[in-house]
Amino acid sequence: MESTDEFKIAGFEENHRDQVIRLWDRCGLIRPWNDPNKDIDRKLTDKNGAFFVLLRGAVVIGAVMVSYDGHRGSIYYLAIDPDCQSRGLGKLLMDHCEAFLVDLGCPKINLFVRRGNEPVMKFYEKLGFEEDAAVPLGKRLIPDT
Ligand SMILES: CC(C)(COP(=O)(O)OP(=O)(O)OC[C@H]1O[C@@H](n2cnc3c(N)ncnc32)[C@H](O)[C@@H]1OP(=O)(O)O)[C@@H](O)C(=O)NCCC(=O)NCCS
């Protein structure tokens with residue numbers, strides 16, 4: 001699916017903030033240890049990445065954070081409003097992110113699917129992703145709470 005007159009991909013703007021947080025909430029992406037406002041503020045300091053929203057008119061119906069660290073690309077907070085899912089819009093946003101990363105010379109994307117959200121693996125498999133032989137490790141540096 002290509003970008004159409006009905007849907008437009010744009011860069012995040014401050015007036016999208018409340019809608020994006022509501023979208024993440026509706027999509028089950030908010031966790032108590034991640035303050036969504038702080039996550040947005042931090043993303044806005046990212047000089048190499050992008051924070052895209054998918055708009056129908058002025059309404060945010062999708063969002064995604066993408067970044068390139070000079071070695072790998074990453075994707076976070078991909079969300080399509082539940083009322084608009086299964087219409088190719090998740091793929092549309094991911095295709096946009098892939099094109100953005102390829103333009104930067106990024107050779108590979110790493111992304112995480114939370115345990116408990118395994119059904120979404122099928123979506124990523126359709127897009128050509130496969131499980132890596134690597135165990136993700138994390139260490140919190142700044143607590144949000
Ligand atoms: C994951 C998500 C973004 C997918 O968006 P979407 O707009 O529904 O996906 P699309 O319609 O573009 O689907 C693309 C393909 O994946 C398939 N697909 C999507 N979700 C699927 C699922 N849960 N199970 C099986 N296949 C799925 C579609 O059938 C479609 O296949 P096709 O090309 O053969 O028709 C959306 O379900 C979502 O926002 N989920 C909640 C938030 C989330 O979990 N985000 C990811 C965090 S890692």
# chains A, B, ... in the order shown; residues from 1 in each chain; ligands from 1
call {"tool": "select_by_dssp", "arguments": {"residues": "chain A", "states": "helix (DSSP H, G or I)", "output": "PyMOL selection string"}}
result
chain A and resi 14-26+36-43+82-84+89-104+120-126
call {"tool": "write_last_selection", "arguments": {"atoms": "C-alpha atoms", "output": "PDB file, in the first residue's frame"}}
result
ATOM      1  CA  GLU A  14       4.000  18.884  19.512  1.00  0.00           C
ATOM      2  CA  ASN A  15       0.265  19.067  18.783  1.00  0.00           C
ATOM      3  CA  HIS A  16       0.311  15.278  18.140  1.00  0.00           C
ATOM      4  CA  ARG A  17       1.578  14.441  21.634  1.00  0.00           C
ATOM      5  CA  ASP A  18      -1.712  13.691  23.426  1.00  0.00           C
ATOM      6  CA  GLN A  19      -3.070  11.696  20.493  1.00  0.00           C
ATOM      7  CA  VAL A  20       0.128   9.647  20.247  1.00  0.00           C
ATOM      8  CA  ILE A  21       0.025   8.789  23.959  1.00  0.00           C
ATOM      9  CA  ARG A  22      -3.651   7.805  23.671  1.00  0.00           C
ATOM     10  CA  LEU A  23      -2.773   5.665  20.638  1.00  0.00           C
ATOM     11  CA  TRP A  24       0.027   3.872  22.508  1.00  0.00           C
ATOM     12  CA  ASP A  25      -2.356   3.304  25.406  1.00  0.00           C
ATOM     13  CA  ARG A  26      -5.038   1.862  23.106  1.00  0.00           C
ATOM     14  CA  PRO A  36       5.460   8.195  27.621  1.00  0.00           C
ATOM     15  CA  ASN A  37       5.965  11.960  27.877  1.00  0.00           C
ATOM     16  CA  LYS A  38       9.597  11.477  28.879  1.00  0.00           C
ATOM     17  CA  ASP A  39      10.024   8.956  26.050  1.00  0.00           C
ATOM     18  CA  ILE A  40       8.717  11.538  23.575  1.00  0.00           C
ATOM     19  CA  ASP A  41      10.920  14.291  25.040  1.00  0.00           C
ATOM     20  CA  ARG A  42      13.981  12.041  24.728  1.00  0.00           C
ATOM     21  CA  LYS A  43      13.124  11.054  21.172  1.00  0.00           C
ATOM     22  CA  PRO A  82      -7.002  -0.829  16.644  1.00  0.00           C
ATOM     23  CA  ASP A  83      -9.912   0.510  14.536  1.00  0.00           C
ATOM     24  CA  CYS A  84      -7.556   0.848  11.547  1.00  0.00           C
ATOM     25  CA  LEU A  89      -1.072   0.550   7.444  1.00  0.00           C
ATOM     26  CA  GLY A  90       1.452  -1.091   9.768  1.00  0.00           C
ATOM     27  CA  LYS A  91       3.346  -2.283   6.715  1.00  0.00           C
ATOM     28  CA  LEU A  92       3.074   1.195   5.188  1.00  0.00           C
ATOM     29  CA  LEU A  93       4.761   2.752   8.240  1.00  0.00           C
ATOM     30  CA  MET A  94       7.422   0.031   8.398  1.00  0.00           C
ATOM     31  CA  ASP A  95       8.189   0.412   4.666  1.00  0.00           C
ATOM     32  CA  HIS A  96       8.622   4.137   5.282  1.00  0.00           C
ATOM     33  CA  CYS A  97      11.048   3.449   8.160  1.00  0.00           C
ATOM     34  CA  GLU A  98      13.014   0.950   6.073  1.00  0.00           C
ATOM     35  CA  ALA A  99      13.381   3.440   3.229  1.00  0.00           C
ATOM     36  CA  PHE A 100      14.478   6.096   5.756  1.00  0.00           C
ATOM     37  CA  LEU A 101      17.150   3.753   7.165  1.00  0.00           C
ATOM     38  CA  VAL A 102      18.384   2.583   3.769  1.00  0.00           C
ATOM     39  CA  ASP A 103      18.818   6.234   2.784  1.00  0.00           C
ATOM     40  CA  LEU A 104      21.121   6.628   5.811  1.00  0.00           C
ATOM     41  CA  VAL A 120       2.834  -9.624  16.517  1.00  0.00           C
ATOM     42  CA  MET A 121       5.729 -11.856  15.414  1.00  0.00           C
ATOM     43  CA  LYS A 122       3.578 -12.983  12.474  1.00  0.00           C
ATOM     44  CA  PHE A 123       3.321  -9.361  11.323  1.00  0.00           C
ATOM     45  CA  TYR A 124       7.108  -8.918  11.395  1.00  0.00           C
ATOM     46  CA  GLU A 125       7.680 -12.293   9.699  1.00  0.00           C
ATOM     47  CA  LYS A 126       5.434 -11.134   6.845  1.00  0.00           C
TER      48      LYS A 126
END
call {"tool": "select_by_dssp", "arguments": {"residues": "region 13-142 of chain A", "states": "strand (DSSP E)", "output": "short mmCIF file (atom, residue, chain, number, x, y, z; two decimals) with N, CA, C and O atoms, in the first residue's frame"}}
result
data_model
loop_
_atom_site.label_atom_id
_atom_site.label_comp_id
_atom_site.auth_asym_id
_atom_site.auth_seq_id
_atom_site.Cartn_x
_atom_site.Cartn_y
_atom_site.Cartn_z
N ALA A 50 14.04 9.46 13.47
CA ALA A 50 12.80 10.15 13.11
C ALA A 50 11.66 9.59 13.96
O ALA A 50 11.74 8.46 14.47
N PHE A 51 10.66 10.39 14.10
CA PHE A 51 9.46 10.01 14.84
C PHE A 51 8.30 10.34 13.91
O PHE A 51 7.97 11.50 13.70
N PHE A 52 7.76 9.28 13.29
CA PHE A 52 6.73 9.49 12.27
C PHE A 52 5.34 9.25 12.85
O PHE A 52 5.14 8.35 13.68
N VAL A 53 4.40 10.03 12.37
CA VAL A 53 3.00 9.76 12.68
C VAL A 53 2.27 9.51 11.36
O VAL A 53 2.66 10.04 10.31
N LEU A 54 1.26 8.67 11.45
CA LEU A 54 0.38 8.41 10.30
C LEU A 54 -0.92 9.15 10.57
O LEU A 54 -1.56 8.94 11.60
N LEU A 55 -1.26 10.04 9.65
CA LEU A 55 -2.41 10.91 9.86
C LEU A 55 -3.53 10.60 8.88
O LEU A 55 -3.28 10.33 7.69
N ARG A 56 -4.75 10.63 9.42
CA ARG A 56 -5.93 10.70 8.53
C ARG A 56 -6.54 12.06 8.81
O ARG A 56 -7.11 12.26 9.88
N VAL A 59 -6.04 13.56 12.38
CA VAL A 59 -6.12 12.53 13.42
C VAL A 59 -4.94 11.57 13.30
O VAL A 59 -4.67 11.03 12.22
N VAL A 60 -4.26 11.36 14.43
CA VAL A 60 -3.12 10.42 14.45
C VAL A 60 -3.69 9.01 14.57
O VAL A 60 -4.33 8.67 15.56
N ILE A 61 -3.43 8.19 13.54
CA ILE A 61 -3.91 6.80 13.62
C ILE A 61 -2.76 5.80 13.67
O ILE A 61 -2.98 4.61 13.78
N GLY A 62 -1.53 6.33 13.59
CA GLY A 62 -0.37 5.44 13.70
C GLY A 62 0.85 6.24 14.09
O GLY A 62 0.88 7.47 13.95
N ALA A 63 1.84 5.55 14.61
CA ALA A 63 3.08 6.23 15.00
C ALA A 63 4.20 5.20 15.07
O ALA A 63 3.95 4.00 15.25
N VAL A 64 5.43 5.70 14.93
CA VAL A 64 6.60 4.82 15.05
C VAL A 64 7.85 5.69 15.28
O VAL A 64 7.96 6.79 14.74
N MET A 65 8.74 5.17 16.12
CA MET A 65 10.05 5.79 16.31
C MET A 65 11.09 4.95 15.57
O MET A 65 11.08 3.72 15.68
N VAL A 66 11.99 5.62 14.85
CA VAL A 66 13.04 4.91 14.12
C VAL A 66 14.36 5.61 14.37
O VAL A 66 14.39 6.84 14.56
N SER A 67 15.44 4.84 14.41
CA SER A 67 16.73 5.46 14.64
C SER A 67 17.86 4.63 14.03
O SER A 67 17.69 3.45 13.75
N TYR A 68 18.99 5.28 13.80
CA TYR A 68 20.19 4.60 13.29
C TYR A 68 21.36 5.04 14.16
O TYR A 68 21.60 6.24 14.32
N GLY A 73 19.88 -0.18 12.78
CA GLY A 73 18.68 0.63 12.91
C GLY A 73 17.78 0.03 13.97
O GLY A 73 17.85 -1.18 14.26
N SER A 74 16.95 0.85 14.57
CA SER A 74 16.01 0.33 15.56
C SER A 74 14.62 0.95 15.34
O SER A 74 14.50 2.03 14.75
N ILE A 75 13.64 0.20 15.78
CA ILE A 75 12.24 0.62 15.66
C ILE A 75 11.61 0.47 17.04
O ILE A 75 11.76 -0.59 17.67
N TYR A 76 10.91 1.48 17.49
CA TYR A 76 10.19 1.40 18.76
C TYR A 76 8.80 1.99 18.62
O TYR A 76 8.55 2.84 17.75
N TYR A 77 7.93 1.55 19.52
CA TYR A 77 6.60 2.14 19.65
C TYR A 77 5.81 2.15 18.34
O TYR A 77 5.09 3.11 18.04
N LEU A 78 5.94 1.09 17.55
CA LEU A 78 5.11 1.00 16.33
C LEU A 78 3.66 0.73 16.75
O LEU A 78 3.39 -0.22 17.50
N ALA A 79 2.76 1.54 16.28
CA ALA A 79 1.35 1.38 16.67
C ALA A 79 0.43 1.85 15.56
O ALA A 79 0.66 2.88 14.93
N ILE A 80 -0.61 1.05 15.33
CA ILE A 80 -1.71 1.45 14.45
C ILE A 80 -2.99 1.36 15.27
O ILE A 80 -3.21 0.34 15.96
N ILE A 109 18.09 -3.83 10.66
CA ILE A 109 17.25 -3.36 11.76
C ILE A 109 17.25 -4.39 12.88
O ILE A 109 17.12 -5.59 12.62
N ASN A 110 17.40 -3.94 14.11
CA ASN A 110 17.13 -4.77 15.29
C ASN A 110 15.90 -4.21 15.98
O ASN A 110 15.81 -3.00 16.19
#
call {"tool": "closest_residue", "arguments": {"among": "A:Gly88, A:Pro136, A:Pro143, A:Gly70", "to": "ligand 1", "atoms": "only C-alpha atoms and all ligand atoms"}}
result
A:Gly88
call {"tool": "closest_residue", "arguments": {"among": "A:Asp69, A:Asn48, A:Cys27, A:Gly138", "to": "ligand 1", "atoms": "only C-alpha atoms and all ligand atoms"}}
result
A:Cys27
call {"tool": "atom_distance", "arguments": {"atom1": "CA of Gly105 (chain A)", "atom2": "CA of His71 (chain A)"}}
result
9.3 Å
call {"tool": "atom_distance", "arguments": {"atom1": "CA of Glu130 (chain A)", "atom2": "CA of Gly116 (chain A)"}}
result
17.5 Å
call {"tool": "closest_residue", "arguments": {"among": "A:Val135, A:Ile142, A:Pro107, A:Leu29", "to": "ligand 1", "atoms": "only C-alpha atoms and all ligand atoms"}}
result
A:Leu29
call {"tool": "closest_residue", "arguments": {"among": "A:Thr145, A:Ile30, A:Gly49, A:Gly57", "to": "ligand 1", "atoms": "only C-alpha atoms and all ligand atoms"}}
result
A:Ile30
call {"tool": "atom_distance", "arguments": {"atom1": "atom 36 (C, counted along the ligand's line) of ligand 1", "atom2": "CA of Arg140 (chain A)"}}
result
26.5 Å
call {"tool": "decode", "arguments": {"residues": "region 75-88 of chain A", "atoms": "all heavy atoms", "output": "mmCIF file, in the first residue's frame"}}
result
data_model
loop_
_atom_site.group_PDB
_atom_site.id
_atom_site.type_symbol
_atom_site.label_atom_id
_atom_site.label_comp_id
_atom_site.auth_asym_id
_atom_site.auth_seq_id
_atom_site.Cartn_x
_atom_site.Cartn_y
_atom_site.Cartn_z
ATOM 1 N N ILE A 75 13.639 0.197 15.784
ATOM 2 C CA ILE A 75 12.241 0.624 15.664
ATOM 3 C C ILE A 75 11.607 0.466 17.044
ATOM 4 O O ILE A 75 11.764 -0.588 17.665
ATOM 5 C CB ILE A 75 11.460 -0.309 14.683
ATOM 6 C CG1 ILE A 75 12.092 -0.346 13.303
ATOM 7 C CG2 ILE A 75 9.971 0.029 14.650
ATOM 8 C CD1 ILE A 75 11.749 0.782 12.388
ATOM 9 N N TYR A 76 10.906 1.482 17.490
ATOM 10 C CA TYR A 76 10.195 1.403 18.765
ATOM 11 C C TYR A 76 8.799 1.994 18.621
ATOM 12 O O TYR A 76 8.553 2.837 17.754
ATOM 13 C CB TYR A 76 10.939 2.188 19.854
ATOM 14 C CG TYR A 76 12.223 1.531 20.296
ATOM 15 C CD1 TYR A 76 13.448 1.957 19.796
ATOM 16 C CD2 TYR A 76 12.205 0.463 21.194
ATOM 17 C CE1 TYR A 76 14.633 1.345 20.192
ATOM 18 C CE2 TYR A 76 13.388 -0.153 21.598
ATOM 19 C CZ TYR A 76 14.592 0.293 21.091
ATOM 20 O OH TYR A 76 15.752 -0.319 21.473
ATOM 21 N N TYR A 77 7.935 1.552 19.517
ATOM 22 C CA TYR A 77 6.596 2.143 19.652
ATOM 23 C C TYR A 77 5.813 2.146 18.336
ATOM 24 O O TYR A 77 5.090 3.110 18.044
ATOM 25 C CB TYR A 77 6.702 3.588 20.165
ATOM 26 C CG TYR A 77 6.816 3.750 21.677
ATOM 27 C CD1 TYR A 77 7.898 4.416 22.260
ATOM 28 C CD2 TYR A 77 5.803 3.283 22.512
ATOM 29 C CE1 TYR A 77 7.988 4.598 23.635
ATOM 30 C CE2 TYR A 77 5.887 3.463 23.889
ATOM 31 C CZ TYR A 77 6.971 4.129 24.438
ATOM 32 O OH TYR A 77 7.042 4.327 25.807
ATOM 33 N N LEU A 78 5.935 1.092 17.548
ATOM 34 C CA LEU A 78 5.108 0.997 16.334
ATOM 35 C C LEU A 78 3.664 0.733 16.754
ATOM 36 O O LEU A 78 3.393 -0.221 17.503
ATOM 37 C CB LEU A 78 5.598 -0.146 15.436
ATOM 38 C CG LEU A 78 4.678 -0.462 14.243
ATOM 39 C CD1 LEU A 78 4.694 0.673 13.215
ATOM 40 C CD2 LEU A 78 5.062 -1.786 13.590
ATOM 41 N N ALA A 79 2.759 1.542 16.278
ATOM 42 C CA ALA A 79 1.351 1.379 16.667
ATOM 43 C C ALA A 79 0.426 1.847 15.558
ATOM 44 O O ALA A 79 0.657 2.880 14.932
ATOM 45 C CB ALA A 79 1.060 2.192 17.932
ATOM 46 N N ILE A 80 -0.608 1.049 15.328
ATOM 47 C CA ILE A 80 -1.713 1.448 14.445
ATOM 48 C C ILE A 80 -2.990 1.358 15.272
ATOM 49 O O ILE A 80 -3.211 0.339 15.962
ATOM 50 C CB ILE A 80 -1.818 0.514 13.212
ATOM 51 C CG1 ILE A 80 -0.567 0.590 12.333
ATOM 52 C CG2 ILE A 80 -3.078 0.830 12.399
ATOM 53 C CD1 ILE A 80 -0.345 1.913 11.615
ATOM 54 N N ASP A 81 -3.803 2.392 15.209
ATOM 55 C CA ASP A 81 -5.047 2.401 15.978
ATOM 56 C C ASP A 81 -5.820 1.100 15.738
ATOM 57 O O ASP A 81 -5.982 0.678 14.579
ATOM 58 C CB ASP A 81 -5.901 3.599 15.534
ATOM 59 C CG ASP A 81 -7.117 3.749 16.419
ATOM 60 O OD1 ASP A 81 -8.085 2.960 16.243
ATOM 61 O OD2 ASP A 81 -7.099 4.625 17.279
ATOM 62 N N PRO A 82 -6.285 0.449 16.811
ATOM 63 C CA PRO A 82 -7.002 -0.829 16.644
ATOM 64 C C PRO A 82 -8.147 -0.760 15.630
ATOM 65 O O PRO A 82 -8.407 -1.741 14.927
ATOM 66 C CB PRO A 82 -7.525 -1.125 18.059
ATOM 67 C CG PRO A 82 -6.567 -0.422 18.971
ATOM 68 C CD PRO A 82 -6.097 0.803 18.234
ATOM 69 N N ASP A 83 -8.804 0.391 15.511
ATOM 70 C CA ASP A 83 -9.912 0.510 14.536
ATOM 71 C C ASP A 83 -9.417 0.531 13.095
ATOM 72 O O ASP A 83 -10.226 0.437 12.165
ATOM 73 C CB ASP A 83 -10.718 1.798 14.782
ATOM 74 C CG ASP A 83 -11.536 1.724 16.051
ATOM 75 O OD1 ASP A 83 -11.759 0.594 16.536
ATOM 76 O OD2 ASP A 83 -11.938 2.788 16.560
ATOM 77 N N CYS A 84 -8.114 0.716 12.904
ATOM 78 C CA CYS A 84 -7.556 0.848 11.547
ATOM 79 C C CYS A 84 -6.585 -0.283 11.209
ATOM 80 O O CYS A 84 -5.933 -0.244 10.159
ATOM 81 C CB CYS A 84 -6.828 2.182 11.413
ATOM 82 S SG CYS A 84 -7.859 3.600 11.747
ATOM 83 N N GLN A 85 -6.477 -1.262 12.095
ATOM 84 C CA GLN A 85 -5.512 -2.351 11.833
ATOM 85 C C GLN A 85 -6.001 -3.282 10.724
ATOM 86 O O GLN A 85 -7.156 -3.243 10.330
ATOM 87 C CB GLN A 85 -5.270 -3.141 13.135
ATOM 88 C CG GLN A 85 -4.474 -2.339 14.151
ATOM 89 C CD GLN A 85 -4.254 -3.052 15.472
ATOM 90 O OE1 GLN A 85 -4.562 -4.231 15.624
ATOM 91 N NE2 GLN A 85 -3.720 -2.330 16.446
ATOM 92 N N SER A 86 -5.074 -4.097 10.220
ATOM 93 C CA SER A 86 -5.342 -5.111 9.186
ATOM 94 C C SER A 86 -5.765 -4.487 7.857
ATOM 95 O O SER A 86 -6.559 -5.060 7.114
ATOM 96 C CB SER A 86 -6.427 -6.108 9.654
ATOM 97 O OG SER A 86 -6.037 -6.693 10.865
ATOM 98 N N ARG A 87 -5.256 -3.280 7.590
ATOM 99 C CA ARG A 87 -5.531 -2.621 6.297
ATOM 100 C C ARG A 87 -4.226 -2.277 5.589
ATOM 101 O O ARG A 87 -4.223 -1.461 4.676
ATOM 102 C CB ARG A 87 -6.330 -1.343 6.526
ATOM 103 C CG ARG A 87 -7.696 -1.586 7.139
ATOM 104 C CD ARG A 87 -8.375 -0.300 7.536
ATOM 105 N NE ARG A 87 -8.516 0.631 6.427
ATOM 106 C CZ ARG A 87 -9.075 1.834 6.525
ATOM 107 N NH1 ARG A 87 -9.556 2.240 7.684
ATOM 108 N NH2 ARG A 87 -9.168 2.629 5.486
ATOM 109 N N GLY A 88 -3.122 -2.835 6.056
ATOM 110 C CA GLY A 88 -1.832 -2.578 5.404
ATOM 111 C C GLY A 88 -1.113 -1.342 5.927
ATOM 112 O O GLY A 88 -0.069 -0.961 5.397
#
